[in-house]
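Please read the structure below before turning to the comments.
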Amino acid sequence: MKQSLLNEFVIIKSDKTTNVEKADAGLYDRLETDYGGFKGCEMVSCFEFKEDWSTWEMHPNGEEVIVLLSGSVQLILETQQGNKSIHLSEQGAFAIIPKNTWHTAKTNTPSRLLFITSGEGTQNKNV
């Protein structure tokens, strides 16, 4: 079976070796238990979106890289100066989300994004 980031995520462990984890309902529990609370790890993942995200998220322990593979997405970052918008509309366009920055995404077209996430301590809140 071919590997695909749509079905499996790559975990870059703190020693910079990798594991492949199935993208299923138990993934985040496994990240907590099998990777020491995800300390020092990054996750490479891919998601498809057809509508706005329903939550904001924030990564307190590292930056997140978001790469547009297809479609068009507006990232909204919550800053001390107010919300900042980053529009990704060309294949390969990317944004680096600073650590401790709440962010969400808006789209009205099917879009695919690649994420490299420092996931330790990730927080979520409703939009």
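Chain labels A, B, ... are given in the sequence in which chains occur in the structure tokens; within each chain residues are numbered consecutively from 1, and ligands are likewise numbered from 1 in the order shown.
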
Name all residues at most 8 Å from A:Met58 (count only C-alpha atoms; drop same-chain ones fewer than 5 positions away) and give them as a list in words.
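So the residues in contact are Lys99, Asn100, Thr101, Trp102, His103, Thr122, Gln123 and Asn124 of chain A.
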
With C-alpha atoms retained, write the just-selected residues as a short mmCIF file (atom, residue, chain, number, x, y, z; two decimals), in the first residue's frame.
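Saved as selection-v1.cif:
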data_model
loop_
_atom_site.label_atom_id
_atom_site.label_comp_id
_atom_site.auth_asym_id
_atom_site.auth_seq_id
_atom_site.Cartn_x
_atom_site.Cartn_y
_atom_site.Cartn_z
CA LYS A 99 4.66 30.15 18.40
CA ASN A 100 2.03 31.34 20.89
CA THR A 101 -0.09 32.80 18.04
CA TRP A 102 -3.78 31.89 17.80
CA HIS A 103 -4.71 31.16 14.18
CA THR A 122 -1.37 22.69 21.35
CA GLN A 123 -4.50 24.55 22.46
CA ASN A 124 -7.84 25.02 20.70
#

Any idea what's packed within 8 Å of A:Phe94, counting only C-alpha atoms, ignoring anything in its chain fewer than 6 positions away? Could you give it as a PyMOL selection string?
chain A and resi 65-68+88

Could you give me, as a list of chain:residue names, the residues within 9 Å of A:Lys106, counting only C-alpha atoms and dropping anything in the same chain fewer than 2 positions from it?
A:Glu51, A:Asp52, A:Trp53, A:Ser72, A:Val73, A:Gln74, A:Leu75, A:Ile76, A:Thr104, A:Asn108

Please identify the alpha helix (DSSP H) residues within stretch 17-124 of chain A (assignment by DSSP from backbone atoms) and present them as a VMD selection string.
chain A and resid 27 to 34

Residues of the last selection are to be written out with C-alpha atoms, as an mmCIF file, in the first residue's frame.
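Dumped everything to result-v7.cif:
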data_model
loop_
_atom_site.group_PDB
_atom_site.id
_atom_site.type_symbol
_atom_site.label_atom_id
_atom_site.label_comp_id
_atom_site.auth_asym_id
_atom_site.auth_seq_id
_atom_site.Cartn_x
_atom_site.Cartn_y
_atom_site.Cartn_z
ATOM 1 C CA LEU A 27 -3.836 9.544 16.902
ATOM 2 C CA TYR A 28 -3.761 12.352 19.445
ATOM 3 C CA ASP A 29 -3.967 9.929 22.375
ATOM 4 C CA ARG A 30 -0.987 8.035 20.915
ATOM 5 C CA LEU A 31 0.959 11.275 20.529
ATOM 6 C CA GLU A 32 0.482 11.938 24.255
ATOM 7 C CA THR A 33 1.323 8.430 25.460
ATOM 8 C CA ASP A 34 3.854 7.158 22.910
#

Min atom-atom distance to A:Leu77 from the set A:Glu90, A:Lys50, A:Phe115, A:Ala105, counting only C-alpha atoms, belongs to A:Ala105

Among the residues A:Leu114, A:Gly121, A:Thr107, A:Gly26, the one that comes closest to A:Ser54 [using only C-alpha atoms]:
A:Thr107

Atom CA of A:Pro60 sits from atom CA of A:Gln80 at a separation of 15.9 Å

Residue nearest A:Thr79 among A:Ile97, A:Asp15, A:Asp24, A:Leu113 (counting only C-alpha atoms):
A:Ile97

Length of the atom CA of A:Phe38 to atom CA of A:Lys2 vector [Å]:
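These atoms are spaced 26.1 Å apart.
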
Nearest to A:Glu64: which of A:Ser45, A:His87, A:Tyr35, A:Asn7 is it, counting only C-alpha atoms?
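Residue with the minimum atom-to-atom distance to A:Glu64: A:Ser45.
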
Neighbour list for A:Glu21 as a VMD selection string, cut-off 8 Å, only C-alpha atoms, skip fewer than 5 positions in-chain
chain A and resid 8 to 11 27

Those same residues, written as a compact mmCIF listing (two decimals), in the first residue's frame with C-alpha atoms?
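Done, and the output landed in result34.txt:
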# COMPACT_ATOMS: atom_id res chain seq x y z
CA GLU A 8 -0.86 8.70 7.70
CA PHE A 9 1.19 11.40 9.39
CA VAL A 10 4.95 11.52 9.86
CA ILE A 11 6.13 12.13 13.41
CA LEU A 27 -3.84 9.54 16.90

For the structure I just gave you, how does DSSP split chain A - specifically, which residues are strand (DSSP E)? Reply as a ChimeraX atom specification.
/A:8-12,18-22,42-49,55-58,64-70,73-79,82-88,94-97,103-106,111-117,123-126

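For the pair atom CA of A:Leu5 and atom CA of A:Thr18, the interatomic distance is 13.8 Å.
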
Of A:Asn126, A:Ser70, A:Asn61, A:Asn83, the one sitting nearest A:Pro98 when using only C-alpha atoms is A:Asn61
